[in-house]
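> Take a look at target.pdb, PDB, C-alpha atoms:
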```pdb
ATOM      1  CA  MET A   1       9.383   5.391  20.604
ATOM      2  CA  SER A   2       6.280   7.279  21.821
ATOM      3  CA  ASN A   3       7.673  10.610  20.560
ATOM      4  CA  THR A   4       8.442   9.009  17.208
ATOM      5  CA  VAL A   5       4.873   7.698  16.922
ATOM      6  CA  ILE A   6       3.441  11.148  17.731
ATOM      7  CA  ILE A   7       5.676  12.728  15.100
ATOM      8  CA  TYR A   8       4.603  10.071  12.605
ATOM      9  CA  ILE A   9       0.899  10.677  13.307
ATOM     10  CA  LEU A  10       1.294  14.447  12.897
ATOM     11  CA  LEU A  11       3.346  13.989   9.756
ATOM     12  CA  SER A  12       0.706  11.639   8.318
ATOM     13  CA  PHE A  13      -2.023  14.178   8.996
ATOM     14  CA  ILE A  14      -0.044  17.051   7.454
ATOM     15  CA  ILE A  15       0.892  15.141   4.304
ATOM     16  CA  LEU A  16      -2.657  13.865   3.752
ATOM     17  CA  PHE A  17      -4.056  17.358   4.365
ATOM     18  CA  LEU A  18      -1.624  19.059   1.986
ATOM     19  CA  CYS A  19      -2.045  16.399  -0.712
ATOM     20  CA  GLY A  20      -5.821  16.711  -0.413
ATOM     21  CA  LYS A  21      -5.693  20.494  -0.699
ATOM     22  CA  LEU A  22      -3.383  20.253  -3.702
ATOM     23  CA  SER A  23      -5.606  17.629  -5.287
ATOM     24  CA  TYR A  24      -8.688  19.865  -5.220
ATOM     25  CA  ARG A  25      -6.693  22.898  -6.343
ATOM     26  CA  LEU A  26      -5.330  21.004  -9.373
ATOM     27  CA  ASN A  27      -8.661  19.276 -10.026
ATOM     28  CA  LEU A  28      -7.190  15.852  -9.307
ATOM     29  CA  VAL A  29     -10.523  14.458  -8.179
ATOM     30  CA  ASP A  30     -12.584  11.323  -8.716
ATOM     31  CA  LEU A  31     -16.071  12.139  -9.969
ATOM     32  CA  PRO A  32     -18.975   9.806  -9.129
ATOM     33  CA  ASN A  33     -19.930   7.485 -11.997
ATOM     34  CA  LYS A  34     -21.384   4.013 -12.578
ATOM     35  CA  ARG A  35     -18.376   2.273 -11.014
ATOM     36  CA  LYS A  36     -17.316   4.880  -8.464
ATOM     37  CA  ILE A  37     -20.090   5.605  -5.981
ATOM     38  CA  HIS A  38     -18.677   8.632  -4.194
ATOM     39  CA  SER A  39     -20.903  11.043  -2.284
ATOM     40  CA  LYS A  40     -18.999  13.937  -3.923
ATOM     41  CA  ALA A  41     -15.909  14.664  -5.957
ATOM     42  CA  THR A  42     -13.102  12.900  -4.081
ATOM     43  CA  ALA A  43      -9.367  13.632  -4.175
ATOM     44  CA  PHE A  44      -7.430  10.749  -5.718
ATOM     45  CA  THR A  45      -4.077  11.660  -4.193
ATOM     46  CA  GLY A  46      -4.721   9.461  -1.136
ATOM     47  CA  GLY A  47      -2.660   6.556  -2.445
ATOM     48  CA  ILE A  48       0.416   8.585  -3.287
ATOM     49  CA  ALA A  49       0.112  10.481   0.024
ATOM     50  CA  ILE A  50       0.104   7.214   2.005
ATOM     51  CA  SER A  51       3.065   5.933  -0.037
ATOM     52  CA  LEU A  52       4.952   9.150   0.697
ATOM     53  CA  ILE A  53       4.196   8.781   4.403
ATOM     54  CA  LEU A  54       5.594   5.241   4.340
ATOM     55  CA  LEU A  55       8.831   6.620   2.897
ATOM     56  CA  PHE A  56       9.107   8.803   5.994
ATOM     57  CA  ALA A  57       8.368   5.721   8.122
ATOM     58  CA  ILE A  58      11.585   4.203   6.771
ATOM     59  CA  ILE A  59      13.469   7.198   8.187
ATOM     60  CA  LEU A  60      11.605   7.463  11.492
ATOM     61  CA  PHE A  61      11.550   3.797  12.479
ATOM     62  CA  ASP A  62      14.611   1.578  12.775
ATOM     63  CA  ASP A  63      12.661  -1.683  12.453
ATOM     64  CA  PHE A  64      12.737  -1.939   8.657
ATOM     65  CA  ASN A  65      15.584  -3.736   6.944
ATOM     66  CA  ARG A  66      16.804  -3.039   3.418
ATOM     67  CA  THR A  67      14.270  -5.359   1.785
ATOM     68  CA  ILE A  68      11.220  -3.776   3.420
ATOM     69  CA  SER A  69      12.579  -0.282   2.747
ATOM     70  CA  LEU A  70      13.092  -1.177  -0.902
ATOM     71  CA  ILE A  71       9.577  -2.619  -1.245
ATOM     72  CA  LEU A  72       8.065   0.545   0.256
ATOM     73  CA  SER A  73      10.156   2.692  -2.083
ATOM     74  CA  ILE A  74       9.036   0.700  -5.125
ATOM     75  CA  SER A  75       5.457   0.973  -3.881
ATOM     76  CA  PHE A  76       5.798   4.748  -4.102
ATOM     77  CA  LEU A  77       6.690   4.405  -7.797
ATOM     78  CA  VAL A  78       3.640   2.187  -8.350
ATOM     79  CA  SER A  79       1.451   4.791  -6.638
ATOM     80  CA  ILE A  80       2.723   7.409  -9.087
ATOM     81  CA  VAL A  81       1.537   5.162 -11.921
ATOM     82  CA  GLY A  82      -1.855   4.993 -10.198
ATOM     83  CA  LEU A  83      -2.014   8.779  -9.982
ATOM     84  CA  ILE A  84      -1.165   9.125 -13.680
ATOM     85  CA  ASP A  85      -3.824   6.541 -14.533
ATOM     86  CA  ASP A  86      -6.458   8.347 -12.459
ATOM     87  CA  LYS A  87      -5.640  11.634 -14.151
ATOM     88  CA  TYR A  88      -5.223  10.520 -17.762
ATOM     89  CA  ASN A  89      -7.123   7.202 -17.795
ATOM     90  CA  LEU A  90      -4.313   5.139 -19.314
ATOM     91  CA  ASN A  91      -5.154   2.226 -21.572
ATOM     92  CA  THR A  92      -4.659  -1.253 -20.145
ATOM     93  CA  GLY A  93      -1.386  -1.917 -21.962
ATOM     94  CA  GLY A  94       0.188   1.382 -20.952
ATOM     95  CA  LYS A  95      -0.849   1.030 -17.318
ATOM     96  CA  LEU A  96       0.406  -2.543 -17.003
ATOM     97  CA  SER A  97       3.701  -1.650 -18.684
ATOM     98  CA  LEU A  98       4.359   1.149 -16.202
ATOM     99  CA  GLN A  99       3.440  -1.100 -13.285
ATOM    100  CA  ILE A 100       5.632  -3.965 -14.458
ATOM    101  CA  ILE A 101       8.838  -1.882 -14.650
ATOM    102  CA  PRO A 102       9.296  -1.259 -10.877
ATOM    103  CA  ILE A 103       7.932  -4.712  -9.993
ATOM    104  CA  PHE A 104      10.407  -6.350 -12.349
ATOM    105  CA  TYR A 105      13.251  -4.658 -10.510
ATOM    106  CA  LEU A 106      12.224  -6.352  -7.278
ATOM    107  CA  LEU A 107      11.756  -9.725  -8.938
ATOM    108  CA  ILE A 108      14.824  -9.784 -11.183
ATOM    109  CA  PHE A 109      17.490  -7.731  -9.414
ATOM    110  CA  GLU A 110      16.431  -8.351  -5.804
ATOM    111  CA  ASN A 111      15.162 -11.910  -6.353
ATOM    112  CA  LEU A 112      12.021 -11.250  -4.296
ATOM    113  CA  THR A 113       9.810 -13.982  -5.694
ATOM    114  CA  LEU A 114       7.194 -16.190  -4.104
ATOM    115  CA  ASN A 115       8.785 -19.638  -4.277
ATOM    116  CA  GLN A 116       6.278 -21.636  -2.234
ATOM    117  CA  ILE A 117       2.558 -21.228  -1.589
ATOM    118  CA  GLY A 118       1.953 -23.950   0.975
ATOM    119  CA  ASP A 119       3.493 -26.675   3.094
ATOM    120  CA  TYR A 120       0.872 -29.354   3.555
ATOM    121  CA  ALA A 121       0.862 -32.772   5.200
ATOM    122  CA  TYR A 122       1.524 -34.723   2.026
ATOM    123  CA  PHE A 123       3.212 -32.269  -0.319
ATOM    124  CA  ASN A 124       4.782 -28.825  -0.694
ATOM    125  CA  LEU A 125       3.535 -26.420  -3.322
ATOM    126  CA  ASP A 126       6.915 -25.303  -4.650
ATOM    127  CA  LEU A 127       6.610 -23.077  -7.700
ATOM    128  CA  GLY A 128      10.043 -23.765  -9.139
ATOM    129  CA  ALA A 129      10.384 -22.240 -12.609
ATOM    130  CA  PHE A 130       6.924 -20.670 -12.291
ATOM    131  CA  ALA A 131       7.963 -18.541  -9.293
ATOM    132  CA  LEU A 132       8.745 -15.432 -11.374
ATOM    133  CA  PRO A 133       5.601 -15.332 -13.570
ATOM    134  CA  PHE A 134       3.377 -16.375 -10.647
ATOM    135  CA  THR A 135       4.722 -13.583  -8.424
ATOM    136  CA  LEU A 136       4.432 -11.016 -11.202
ATOM    137  CA  LEU A 137       0.838 -11.955 -12.004
ATOM    138  CA  SER A 138      -0.096 -12.053  -8.317
ATOM    139  CA  LEU A 139       1.222  -8.521  -7.760
ATOM    140  CA  LEU A 140      -0.460  -7.151 -10.873
ATOM    141  CA  PHE A 141      -3.781  -8.781  -9.929
ATOM    142  CA  LEU A 142      -3.491  -7.429  -6.374
ATOM    143  CA  ILE A 143      -2.660  -3.866  -7.423
ATOM    144  CA  ASN A 144      -5.418  -3.659 -10.016
ATOM    145  CA  ALA A 145      -7.957  -5.427  -7.791
ATOM    146  CA  PHE A 146      -7.359  -2.724  -5.180
ATOM    147  CA  ASN A 147      -7.888  -0.103  -7.870
ATOM    148  CA  TYR A 148     -11.238  -1.548  -8.977
ATOM    149  CA  PHE A 149     -12.238  -2.198  -5.375
ATOM    150  CA  ASP A 150     -11.832   1.480  -4.513
ATOM    151  CA  GLY A 151     -15.170   2.640  -5.887
ATOM    152  CA  ILE A 152     -17.020   3.429  -2.646
ATOM    153  CA  ASP A 153     -15.814   5.895  -0.038
ATOM    154  CA  GLY A 154     -13.843   4.115   2.670
ATOM    155  CA  LEU A 155     -14.327   0.590   1.298
ATOM    156  CA  LEU A 156     -10.694  -0.126   0.457
ATOM    157  CA  GLY A 157      -9.366   1.610   3.580
ATOM    158  CA  ILE A 158     -11.656  -0.299   5.935
ATOM    159  CA  SER A 159     -10.893  -3.602   4.200
ATOM    160  CA  SER A 160      -7.152  -2.920   4.466
ATOM    161  CA  LEU A 161      -7.407  -2.089   8.162
ATOM    162  CA  SER A 162      -9.401  -5.286   8.717
ATOM    163  CA  VAL A 163      -6.625  -7.368   7.168
ATOM    164  CA  ILE A 164      -3.978  -5.501   9.177
ATOM    165  CA  ALA A 165      -5.968  -6.101  12.377
ATOM    166  CA  ILE A 166      -6.004  -9.848  11.673
ATOM    167  CA  LEU A 167      -2.243  -9.850  11.045
ATOM    168  CA  LEU A 168      -1.650  -7.889  14.269
ATOM    169  CA  PHE A 169      -3.726 -10.430  16.174
ATOM    170  CA  LEU A 170      -1.718 -13.305  14.716
ATOM    171  CA  ALA A 171       1.522 -11.498  15.498
ATOM    172  CA  SER A 172       0.455 -10.959  19.117
ATOM    173  CA  LEU A 173      -0.132 -14.705  19.589
ATOM    174  CA  ASN A 174       3.504 -15.537  19.078
ATOM    175  CA  MET A 175       5.863 -12.700  18.224
ATOM    176  CA  SER A 176       8.860 -15.003  17.826
ATOM    177  CA  HIS A 177       7.358 -16.376  14.605
ATOM    178  CA  PHE A 178       7.026 -12.897  13.153
ATOM    179  CA  LEU A 179      10.540 -11.572  13.704
ATOM    180  CA  VAL A 180      11.903 -12.034  10.215
ATOM    181  CA  ARG A 181      15.397 -10.709   9.510
ATOM    182  CA  GLU A 182      15.160  -8.441  12.559
ATOM    183  CA  ILE A 183      11.888  -6.855  11.415
ATOM    184  CA  ASN A 184       9.291  -6.128  14.064
ATOM    185  CA  ILE A 185       6.155  -6.978  12.111
ATOM    186  CA  GLN A 186       3.924  -5.130  14.584
ATOM    187  CA  ILE A 187       5.772  -1.840  14.060
ATOM    188  CA  PHE A 188       5.579  -2.400  10.323
ATOM    189  CA  LEU A 189       1.816  -3.033  10.409
ATOM    190  CA  TYR A 190       1.148  -0.052  12.680
ATOM    191  CA  SER A 191       3.160   2.180  10.363
ATOM    192  CA  ILE A 192       0.776   1.197   7.554
ATOM    193  CA  SER A 193      -2.437   1.395   9.574
ATOM    194  CA  ILE A 194      -1.832   4.899  10.976
ATOM    195  CA  PRO A 195      -1.915   6.789   7.639
ATOM    196  CA  ILE A 196      -4.785   4.610   6.383
ATOM    197  CA  GLY A 197      -6.792   5.434   9.510
ATOM    198  CA  ILE A 198      -6.150   9.173   9.124
ATOM    199  CA  PHE A 199      -6.964   8.929   5.414
ATOM    200  CA  LEU A 200     -10.373   7.450   6.299
ATOM    201  CA  LEU A 201     -11.114  10.462   8.505
ATOM    202  CA  PHE A 202     -10.550  12.711   5.501
ATOM    203  CA  ASN A 203     -12.421  10.304   3.209
ATOM    204  CA  PHE A 204     -15.510  10.436   5.444
ATOM    205  CA  SER A 205     -15.237  14.249   5.729
ATOM    206  CA  PHE A 206     -14.364  14.367   9.440
ATOM    207  CA  PHE A 207     -11.843  16.976   8.329
ATOM    208  CA  ASN A 208     -12.911  19.408   5.631
ATOM    209  CA  LEU A 209     -10.467  20.214   2.846
TER     210      LEU A 209
END
```
Please render this file's structure as structure tokens.

Amino acid sequence: MSNTVIIYILLSFIILFLCGKLSYRLNLVDLPNKRKIHSKATAFTGGIAISLILLFAIILFDDFNRTISLILSISFLVSIVGLIDDKYNLNTGGKLSLQIIPIFYLLIFENLTLNQIGDYAYFNLDLGAFALPFTLLSLLFLINAFNYFDGIDGLLGISSLSVIAILLFLASLNMSHFLVREINIQIFLYSISIPIGIFLLFNFSFFNL
């Protein structure tokens, strides 16, 4: 496992480096404006680079089942939509339409919907017939909230790592509760945090592109 992790770290660095170089060469950069407070022109290929790295994680690690692998693969398609939007500034309708297509596949053909949002002392919040639209809206809100949140260097990356750290802490308290369908949630969370951490090093100019 240690050799696999080292390979994954090196691969993450190489992919982020090459994507960053390509981004500046092709002028795929975010320029500072009223909403985006960057210290300089910033490559906006970070999202698609991290998604690509996660595709390699599926190959390198044996802890992901078909569902997780499929979600990560669909996430790569969503990241492509984000790259197109950053480059061509899609209108709201066009962007949402492109985002909905891959998400709909997961919801309709794979039946990956959020059916319950709480089990409380006196009642269960079962969504029933609202499961599909609720899940779709939740994913769209989450994706686009991340996009609008990413206006300051490192803000989204640090926030994401903070959430992952909390989930890792909860997983360490009782691992038996986090082994779902033979998935090791800790390996899954580390596989996400590694490329995000390396991305932050590039984002804060620890490595020059």
> Starting from the displayed file, determine the output of the PyMOL selection byres ((chain A and resi 159) around 12) and express the residue list as number ranges by chain.
A: 146, 149-150, 152-158, 160-166, 193, 196-197, 200
> Specify as a ChimeraX atom specification each residue included when the PyMOL selection byres ((chain A and resi 53) around 8) is applied to this file.
/A:11-12,15,49-52,54-57,195
> Using all atoms listed in the file, which of A:Leu173, A:Leu28, A:Thr67, A:Leu136 sits nearest Phe104 of chain A?
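Of the candidates, the smallest distance to Phe104 of chain A is held by A:Leu136.
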> So that I can check the surroundings of segment 70-81 of chain A, please list as a ChimeraX atom specification every protein, DNA and RNA residue that reaches within 10 Å of it, counting only C-alpha atoms and ignoring chain neighbours fewer than 5 positions away.
/A:45-55,57-58,64-65,86-87,90,94-103,105-106,110,112,143
> Restricted to C-alpha atoms, what would the selected residues look like written as a short mmCIF file (atom, residue, chain, number, x, y, z; two decimals), in the frame of the given file?

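selection19.cif written:
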```cif
data_model
loop_
_atom_site.label_atom_id
_atom_site.label_comp_id
_atom_site.auth_asym_id
_atom_site.auth_seq_id
_atom_site.Cartn_x
_atom_site.Cartn_y
_atom_site.Cartn_z
CA THR A 45 -4.08 11.66 -4.19
CA GLY A 46 -4.72 9.46 -1.14
CA GLY A 47 -2.66 6.56 -2.44
CA ILE A 48 0.42 8.59 -3.29
CA ALA A 49 0.11 10.48 0.02
CA ILE A 50 0.10 7.21 2.00
CA SER A 51 3.06 5.93 -0.04
CA LEU A 52 4.95 9.15 0.70
CA ILE A 53 4.20 8.78 4.40
CA LEU A 54 5.59 5.24 4.34
CA LEU A 55 8.83 6.62 2.90
CA ALA A 57 8.37 5.72 8.12
CA ILE A 58 11.58 4.20 6.77
CA PHE A 64 12.74 -1.94 8.66
CA ASN A 65 15.58 -3.74 6.94
CA ASP A 86 -6.46 8.35 -12.46
CA LYS A 87 -5.64 11.63 -14.15
CA LEU A 90 -4.31 5.14 -19.31
CA GLY A 94 0.19 1.38 -20.95
CA LYS A 95 -0.85 1.03 -17.32
CA LEU A 96 0.41 -2.54 -17.00
CA SER A 97 3.70 -1.65 -18.68
CA LEU A 98 4.36 1.15 -16.20
CA GLN A 99 3.44 -1.10 -13.28
CA ILE A 100 5.63 -3.96 -14.46
CA ILE A 101 8.84 -1.88 -14.65
CA PRO A 102 9.30 -1.26 -10.88
CA ILE A 103 7.93 -4.71 -9.99
CA TYR A 105 13.25 -4.66 -10.51
CA LEU A 106 12.22 -6.35 -7.28
CA GLU A 110 16.43 -8.35 -5.80
CA LEU A 112 12.02 -11.25 -4.30
CA ILE A 143 -2.66 -3.87 -7.42
#
```
> Find the residues near Ser138 of chain A: any atom within 12 Å, counting all atoms listed in the file, skip ones fewer than 6 places away on the same chain, and give them as a list in words.
Ile100, Ile103, Thr113, Leu114, Ile117, Phe130, Ala131, Leu132, Asn144 and Ala145 of chain A
> Based on the selection just made, write C-alpha atoms of those residues as a PDB file, in the frame of the given file.

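Just written: selection-v5.pdb:
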```pdb
ATOM      1  CA  ILE A 100       5.632  -3.965 -14.458  1.00  0.00           C
ATOM      2  CA  ILE A 103       7.932  -4.712  -9.993  1.00  0.00           C
ATOM      3  CA  THR A 113       9.810 -13.982  -5.694  1.00  0.00           C
ATOM      4  CA  LEU A 114       7.194 -16.190  -4.104  1.00  0.00           C
ATOM      5  CA  ILE A 117       2.558 -21.228  -1.589  1.00  0.00           C
ATOM      6  CA  PHE A 130       6.924 -20.670 -12.291  1.00  0.00           C
ATOM      7  CA  ALA A 131       7.963 -18.541  -9.293  1.00  0.00           C
ATOM      8  CA  LEU A 132       8.745 -15.432 -11.374  1.00  0.00           C
ATOM      9  CA  ASN A 144      -5.418  -3.659 -10.016  1.00  0.00           C
ATOM     10  CA  ALA A 145      -7.957  -5.427  -7.791  1.00  0.00           C
TER      11      ALA A 145
END
```
